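J.: File start.pdb follows (PDB, C-alpha atoms, pLDDT in the B column):
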ATOM      1  CA  MET C   1     -14.835-127.662-160.624  1.00 58.00           C
ATOM      2  CA  ARG C   2     -13.247-130.376-162.731  1.00 52.00           C
ATOM      3  CA  LYS C   3     -13.324-128.046-165.722  1.00 53.00           C
ATOM      4  CA  ASN C   4     -11.456-125.350-163.792  1.00 48.00           C
ATOM      5  CA  ILE C   5      -8.784-127.810-162.664  1.00 50.00           C
ATOM      6  CA  LEU C   6      -8.404-129.113-166.212  1.00 45.00           C
ATOM      7  CA  VAL C   7      -8.015-125.561-167.550  1.00 42.00           C
ATOM      8  CA  LEU C   8      -5.401-124.779-164.891  1.00 44.00           C
ATOM      9  CA  VAL C   9      -3.451-127.933-165.722  1.00 44.00           C
ATOM     10  CA  LEU C  10      -3.509-127.148-169.448  1.00 45.00           C
ATOM     11  CA  LEU C  11      -2.378-123.564-168.850  1.00 44.00           C
ATOM     12  CA  SER C  12       0.443-124.807-166.640  1.00 47.00           C
ATOM     13  CA  VAL C  13       1.622-127.228-169.318  1.00 45.00           C
ATOM     14  CA  VAL C  14       1.552-124.491-171.965  1.00 42.00           C
ATOM     15  CA  LEU C  15       3.489-122.055-169.766  1.00 42.00           C
ATOM     16  CA  ILE C  16       6.086-124.653-168.824  1.00 48.00           C
ATOM     17  CA  SER C  17       6.628-125.700-172.456  1.00 44.00           C
ATOM     18  CA  CYS C  18       6.977-122.063-173.590  1.00 44.00           C
ATOM     19  CA  ASN C  19       9.507-121.409-170.856  1.00 42.00           C
ATOM     20  CA  ALA C  20      11.460-124.575-171.711  1.00 39.00           C
ATOM     21  CA  SER C  21      11.821-123.608-175.382  1.00 38.00           C
ATOM     22  CA  LYS C  22      12.911-120.102-174.391  1.00 40.00           C
ATOM     23  CA  THR C  23      15.594-121.534-172.102  1.00 39.00           C
ATOM     24  CA  GLN C  24      16.778-123.848-174.877  1.00 39.00           C
ATOM     25  CA  LYS C  25      17.091-120.913-177.285  1.00 42.00           C
ATOM     26  CA  ASN C  26      18.980-118.800-174.753  1.00 54.00           C
ATOM     27  CA  ASN C  27      21.356-121.700-174.039  1.00 67.00           C
ATOM     28  CA  SER C  28      22.152-122.042-177.753  1.00 76.00           C
ATOM     29  CA  VAL C  29      22.914-118.330-178.173  1.00 91.00           C
ATOM     30  CA  SER C  30      24.705-118.066-174.816  1.00 93.00           C
ATOM     31  CA  LYS C  31      27.422-120.397-176.157  1.00 95.00           C
ATOM     32  CA  LEU C  32      28.598-117.433-178.280  1.00 96.00           C
ATOM     33  CA  ASP C  33      29.267-115.218-175.250  1.00 97.00           C
ATOM     34  CA  GLY C  34      32.880-114.131-174.841  1.00 97.00           C
ATOM     35  CA  THR C  35      35.914-113.454-177.030  1.00 98.00           C
ATOM     36  CA  TRP C  36      37.047-115.688-179.892  1.00 98.00           C
ATOM     37  CA  GLU C  37      40.283-115.557-181.916  1.00 98.00           C
ATOM     38  CA  LEU C  38      40.378-116.474-185.622  1.00 98.00           C
ATOM     39  CA  ASN C  39      42.590-119.437-186.539  1.00 97.00           C
ATOM     40  CA  TYR C  40      41.227-120.362-190.013  1.00 97.00           C
ATOM     41  CA  ILE C  41      39.595-118.492-192.900  1.00 97.00           C
ATOM     42  CA  SER C  42      38.466-119.982-196.196  1.00 94.00           C
ATOM     43  CA  GLY C  43      39.165-118.547-199.602  1.00 84.00           C
ATOM     44  CA  PRO C  44      42.399-116.566-199.827  1.00 79.00           C
ATOM     45  CA  ARG C  45      45.405-118.047-201.617  1.00 85.00           C
ATOM     46  CA  ILE C  46      47.724-116.414-199.106  1.00 87.00           C
ATOM     47  CA  ALA C  47      48.705-118.437-196.040  1.00 91.00           C
ATOM     48  CA  PHE C  48      46.891-117.526-192.810  1.00 94.00           C
ATOM     49  CA  ASP C  49      50.084-116.167-191.202  1.00 92.00           C
ATOM     50  CA  GLY C  50      50.696-114.051-194.308  1.00 91.00           C
ATOM     51  CA  LEU C  51      47.245-112.476-194.017  1.00 93.00           C
ATOM     52  CA  TYR C  52      47.631-111.812-190.289  1.00 94.00           C
ATOM     53  CA  PRO C  53      51.377-111.394-189.598  1.00 91.00           C
ATOM     54  CA  ASN C  54      51.071-109.237-186.476  1.00 89.00           C
ATOM     55  CA  LYS C  55      47.620-109.741-185.003  1.00 93.00           C
ATOM     56  CA  LYS C  56      44.900-112.332-185.534  1.00 96.00           C
ATOM     57  CA  PRO C  57      41.322-111.051-185.868  1.00 97.00           C
ATOM     58  CA  SER C  58      39.034-111.564-182.892  1.00 98.00           C
ATOM     59  CA  ILE C  59      35.318-111.246-182.231  1.00 98.00           C
ATOM     60  CA  THR C  60      33.511-110.679-178.933  1.00 98.00           C
ATOM     61  CA  PHE C  61      29.847-111.442-178.278  1.00 98.00           C
ATOM     62  CA  ASN C  62      27.899-109.839-175.444  1.00 97.00           C
ATOM     63  CA  VAL C  63      24.651-111.802-175.645  1.00 95.00           C
ATOM     64  CA  LYS C  64      23.081-110.027-172.654  1.00 95.00           C
ATOM     65  CA  GLU C  65      23.567-106.588-174.290  1.00 95.00           C
ATOM     66  CA  ASN C  66      22.902-107.946-177.803  1.00 95.00           C
ATOM     67  CA  GLN C  67      26.265-106.579-179.036  1.00 97.00           C
ATOM     68  CA  VAL C  68      29.108-107.849-181.209  1.00 98.00           C
ATOM     69  CA  SER C  69      32.542-106.241-181.439  1.00 98.00           C
ATOM     70  CA  GLY C  70      36.072-107.156-182.347  1.00 98.00           C
ATOM     71  CA  ASN C  71      39.207-106.407-184.281  1.00 97.00           C
ATOM     72  CA  ASN C  72      39.828-107.403-187.906  1.00 96.00           C
ATOM     73  CA  SER C  73      43.634-107.424-187.380  1.00 94.00           C
ATOM     74  CA  CYS C  74      43.873-103.650-187.877  1.00 93.00           C
ATOM     75  CA  ASN C  75      40.603-101.867-187.186  1.00 95.00           C
ATOM     76  CA  SER C  76      37.971-102.343-184.516  1.00 97.00           C
ATOM     77  CA  PHE C  77      34.339-103.035-185.356  1.00 98.00           C
ATOM     78  CA  THR C  78      31.095-103.016-183.398  1.00 98.00           C
ATOM     79  CA  GLY C  79      27.399-103.522-184.008  1.00 97.00           C
ATOM     80  CA  LYS C  80      24.142-105.127-182.999  1.00 97.00           C
ATOM     81  CA  LEU C  81      24.126-108.900-182.588  1.00 96.00           C
ATOM     82  CA  ASN C  82      21.589-110.387-185.023  1.00 95.00           C
ATOM     83  CA  VAL C  83      21.207-114.019-183.978  1.00 95.00           C
ATOM     84  CA  THR C  84      18.325-116.490-183.781  1.00 92.00           C
ATOM     85  CA  GLU C  85      19.117-120.011-182.614  1.00 91.00           C
ATOM     86  CA  ASN C  86      22.100-120.965-184.845  1.00 95.00           C
ATOM     87  CA  LYS C  87      21.428-118.353-187.564  1.00 97.00           C
ATOM     88  CA  ILE C  88      23.598-115.224-187.489  1.00 97.00           C
ATOM     89  CA  ASP C  89      23.634-112.132-189.698  1.00 97.00           C
ATOM     90  CA  PHE C  90      26.445-109.599-190.080  1.00 96.00           C
ATOM     91  CA  THR C  91      24.917-107.804-193.092  1.00 92.00           C
ATOM     92  CA  GLN C  92      23.030-105.208-191.019  1.00 88.00           C
ATOM     93  CA  GLY C  93      26.122-103.065-190.852  1.00 82.00           C
ATOM     94  CA  LEU C  94      29.015-102.950-188.485  1.00 93.00           C
ATOM     95  CA  GLY C  95      30.728 -99.715-187.496  1.00 95.00           C
ATOM     96  CA  VAL C  96      34.447 -99.960-188.346  1.00 96.00           C
ATOM     97  CA  THR C  97      37.320 -97.641-187.431  1.00 96.00           C
ATOM     98  CA  ARG C  98      39.570 -96.497-190.302  1.00 91.00           C
ATOM     99  CA  MET C  99      43.212 -96.713-189.218  1.00 90.00           C
ATOM    100  CA  MET C 100      45.876 -97.362-191.852  1.00 85.00           C
ATOM    101  CA  CYS C 101      47.675-100.658-191.365  1.00 83.00           C
ATOM    102  CA  MET C 102      50.027-101.573-194.182  1.00 76.00           C
ATOM    103  CA  ASP C 103      50.762-105.120-192.965  1.00 71.00           C
ATOM    104  CA  ALA C 104      47.139-106.102-192.356  1.00 67.00           C
ATOM    105  CA  GLN C 105      45.253-104.424-195.205  1.00 80.00           C
ATOM    106  CA  GLN C 106      44.544-107.542-197.300  1.00 89.00           C
ATOM    107  CA  GLY C 107      43.766-109.703-194.256  1.00 93.00           C
ATOM    108  CA  GLU C 108      41.382-107.053-192.969  1.00 93.00           C
ATOM    109  CA  GLN C 109      39.495-106.968-196.276  1.00 92.00           C
ATOM    110  CA  VAL C 110      39.293-110.771-196.457  1.00 95.00           C
ATOM    111  CA  PHE C 111      37.991-110.947-192.868  1.00 96.00           C
ATOM    112  CA  MET C 112      35.297-108.296-193.312  1.00 95.00           C
ATOM    113  CA  SER C 113      34.077-109.589-196.691  1.00 95.00           C
ATOM    114  CA  THR C 114      33.925-113.182-195.399  1.00 96.00           C
ATOM    115  CA  LEU C 115      32.019-112.047-192.296  1.00 96.00           C
ATOM    116  CA  GLN C 116      29.312-110.584-194.577  1.00 96.00           C
ATOM    117  CA  LYS C 117      28.740-114.046-196.127  1.00 97.00           C
ATOM    118  CA  ILE C 118      28.169-115.889-192.828  1.00 98.00           C
ATOM    119  CA  THR C 119      24.652-117.290-192.337  1.00 97.00           C
ATOM    120  CA  SER C 120      24.991-119.601-189.312  1.00 98.00           C
ATOM    121  CA  TYR C 121      27.346-120.764-186.589  1.00 98.00           C
ATOM    122  CA  ASP C 122      28.216-123.871-184.624  1.00 96.00           C
ATOM    123  CA  VAL C 123      30.010-124.110-181.285  1.00 97.00           C
ATOM    124  CA  THR C 124      31.945-127.386-180.903  1.00 96.00           C
ATOM    125  CA  ASP C 125      34.705-128.993-178.813  1.00 96.00           C
ATOM    126  CA  ASN C 126      32.867-128.408-175.522  1.00 95.00           C
ATOM    127  CA  GLY C 127      32.556-124.675-176.205  1.00 96.00           C
ATOM    128  CA  LYS C 128      36.160-124.141-177.321  1.00 97.00           C
ATOM    129  CA  THR C 129      35.641-123.790-181.107  1.00 98.00           C
ATOM    130  CA  LEU C 130      33.310-121.471-183.015  1.00 98.00           C
ATOM    131  CA  ASN C 131      32.652-122.174-186.692  1.00 98.00           C
ATOM    132  CA  PHE C 132      31.080-119.570-188.972  1.00 98.00           C
ATOM    133  CA  ILE C 133      29.212-121.152-191.858  1.00 98.00           C
ATOM    134  CA  SER C 134      27.972-119.818-195.203  1.00 97.00           C
ATOM    135  CA  GLY C 135      25.219-122.078-196.525  1.00 95.00           C
ATOM    136  CA  ASP C 136      26.773-125.426-195.628  1.00 93.00           C
ATOM    137  CA  ILE C 137      30.457-124.453-195.966  1.00 95.00           C
ATOM    138  CA  ALA C 138      32.605-123.670-192.915  1.00 96.00           C
ATOM    139  CA  MET C 139      34.233-120.336-193.780  1.00 97.00           C
ATOM    140  CA  MET C 140      35.849-119.249-190.504  1.00 98.00           C
ATOM    141  CA  ARG C 141      37.005-120.986-187.333  1.00 98.00           C
ATOM    142  CA  PHE C 142      37.687-119.302-183.990  1.00 98.00           C
ATOM    143  CA  THR C 143      39.108-120.505-180.686  1.00 98.00           C
ATOM    144  CA  LYS C 144      37.731-119.318-177.342  1.00 98.00           C
ATOM    145  CA  LYS C 145      40.123-116.932-175.592  1.00 94.00           C
TER     146      LYS C 145
END
Turn this file's structure into C-alpha cells for me.

T.:
Amino acid sequence: MRKNILVLVLLSVVLISCNASKTQKNNSVSKLDGTWELNYISGPRIAFDGLYPNKKPSITFNVKENQVSGNNSCNSFTGKLNVTENKIDFTQGLGVTRMMCMDAQQGEQVFMSTLQKITSYDVTDNGKTLNFISGDIAMMRFTKK
C-alpha cells in the first residue's frame, strides 16, 4: 500500500513538473503574439527614414496558429513560425509578394536579408519592445503596435 502511494506521489510530481515547464515555454513564446513595427535596423549606411520613407516594415506573430506574416515596407510576406523558447528561425522560407515599389526597394532588401540572419529574440520594456538578435548582436528592434 505504501509503495502504491509513493508511486502515485512520484508520478504526480513528474506530471506537475512537466506541465510547469510547458507553461513556462508557452509564456516565453506567447510574448511574441501580435503586430510589431520596425524602428531600428543594423547595417545599412542609409538613415532609417531614407530606407523606409513611406511605410515602416512590420511583423505579426500568431503563436496559436504557428504563423508569421508582415510587410517589408513594400511587399507582404508569410510563413511558418519556427520558434523554440527564445530561438527563432526565418531561414525556412517565407512566401513574399512581388510588387514593384521604387521608393522602398533598398529598404525591402535590407529588411529581408537581415531577417534571414536572426537567430534569437528578446521581448523587453514590459512587452513593448521586440529585439531580433544574430549571435549576440541586436540587429532589429520593433515596437508593439

J.: How far is it from CA of Gly79 (chain C) to CA of Arg45 (chain C), in Å with one decimal?

T.: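 Result for CA of Gly79 (chain C) versus CA of Arg45 (chain C): 29.1 Å, one decimal.
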
J.: Pull out every residue that the PyMOL selection byres ((chain C and resi 57) around 7) matches in the shown coordinates and put them as a PyMOL selection string.

T.: chain C and resi 37-38+55-56+58+71-73

J.: Measuring atom to atom with only C-alpha atoms, identify which of C:Gln67, C:Thr60, C:Asn75, C:Asn54 is nearest to Gln109 (chain C).

T.: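 Distance minimum relative to Gln109 (chain C) lands on C:Asn75.
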
J.: Could you check how far CA of Met102 (chain C) sits from CA of Pro44 (chain C), in Å to one decimal?

T.: 17.7 Å

J.: Between C:Phe77, C:Tyr121, C:Tyr52, C:Phe142, which has the minimum distance to Ser28 (chain C) (counting only C-alpha atoms)?

T.: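 Counting only C-alpha atoms, the residue closest to Ser28 (chain C) is C:Tyr121.
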
J.: Quick check on the file I pasted: which residues fall under the PyMOL selection byres ((chain C and resi 114) around 12)? Write them as a list in words.

T.: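 Going through the file, the PyMOL selection byres ((chain C and resi 114) around 12) ends up selecting Tyr40, Ile41, Ser42, Gly43, Pro44, Asn72, Asp89, Phe90, Thr91, Gly107, Glu108, Gln109, Val110, Phe111, Met112, Ser113, Leu115, Gln116, Lys117, Ile118, Thr119, Phe132, Ile133, Ser134, Ile137, Ala138, Met139, Met140 and Arg141 of chain C.
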
J.: What's the separation between CA of Met100 (chain C) and CA of Gly34 (chain C), in Å to one decimal place?

T.: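 Rounded to one decimal, the two atoms are 27.2 Å apart.
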
J.: Determine, counting all atoms listed in the file, which protein, DNA and RNA residues have an atom within 10 Å of an atom of Thr78 (chain C); residues of the same chain fewer than 3 positions away are not included. Present the result as a PyMOL selection string.

T.: chain C and resi 59-61+67-71+81+93-97

J.: For the selection just defined, write its residues with C-alpha atoms to a file, as a short mmCIF file (atom, residue, chain, number, x, y, z; two decimals), keeping the file's coordinate frame.

T.:
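Contents of out-v4.cif, freshly written:
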data_model
loop_
_atom_site.label_atom_id
_atom_site.label_comp_id
_atom_site.auth_asym_id
_atom_site.auth_seq_id
_atom_site.Cartn_x
_atom_site.Cartn_y
_atom_site.Cartn_z
CA ILE C 59 35.32 -111.25 -182.23
CA THR C 60 33.51 -110.68 -178.93
CA PHE C 61 29.85 -111.44 -178.28
CA GLN C 67 26.26 -106.58 -179.04
CA VAL C 68 29.11 -107.85 -181.21
CA SER C 69 32.54 -106.24 -181.44
CA GLY C 70 36.07 -107.16 -182.35
CA ASN C 71 39.21 -106.41 -184.28
CA LEU C 81 24.13 -108.90 -182.59
CA GLY C 93 26.12 -103.06 -190.85
CA LEU C 94 29.02 -102.95 -188.48
CA GLY C 95 30.73 -99.72 -187.50
CA VAL C 96 34.45 -99.96 -188.35
CA THR C 97 37.32 -97.64 -187.43
#

J.: Just checking: using all atoms listed in the file, which residue out of C:Asp136, C:Glu85, C:Glu65, C:Asp49 ends up closest to Val123 (chain C)?

T.: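 Selected residue with least distance to Val123 (chain C): C:Glu85.
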
J.: Determine, counting only C-alpha atoms, which protein, DNA and RNA residues have an atom within 7 Å of an atom of Asp122 (chain C); residues of the same chain fewer than 4 positions away are not included. Present the result as a compact mmCIF listing (two decimals) with C-alpha atoms, in the frame of the given file.

T.:
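So the final result, stored in part-v7.txt, reads:
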# COMPACT_ATOMS: atom_id res chain seq x y z
CA ASN C 86 22.10 -120.96 -184.84
CA LEU C 130 33.31 -121.47 -183.02
CA ASN C 131 32.65 -122.17 -186.69
CA PHE C 132 31.08 -119.57 -188.97

J.: Return as AutoDock Vina command-line options the centre and edge lengths, in Å with one decimal, of the box along x, y and z that encloses every atom of region 38-48 of chain C in the file, padded by 6 Å per side.

T.:
--center_x 43.6 --center_y -118.4 --center_z -193.6 --size_x 22.2 --size_y 15.9 --size_z 28.0

J.: Which residue out of C:Ser30, C:Trp36, C:Asn126, C:Phe48 has the minimum interatomic distance to Asn66 (chain C) when only C-alpha atoms are used?

T.: C:Ser30

J.: Using all atoms listed in the file, which of the listed residues (C:Ile46, C:Val83, C:Leu51, C:Ile88) sits closest to Gln106 (chain C)?

T.: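 Selected residue with least distance to Gln106 (chain C): C:Leu51.
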
J.: May I have the residues within 9 Å of Cys101 (chain C) as a list in words, using all atoms listed in the file and disregarding those fewer than 2 positions away in the same chain?

T.: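 Selected residues are Ser73, Cys74, Asn75, Met99, Asp103, Ala104 and Gln105 of chain C.
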
J.: Identify which of the residues C:Lys31, C:Lys64, C:Ser120, C:Thr143 lies closest to Thr84 (chain C), counting only C-alpha atoms when measuring atom-to-atom distances.

T.: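 Smallest separation from Thr84 (chain C) among the options: C:Ser120.
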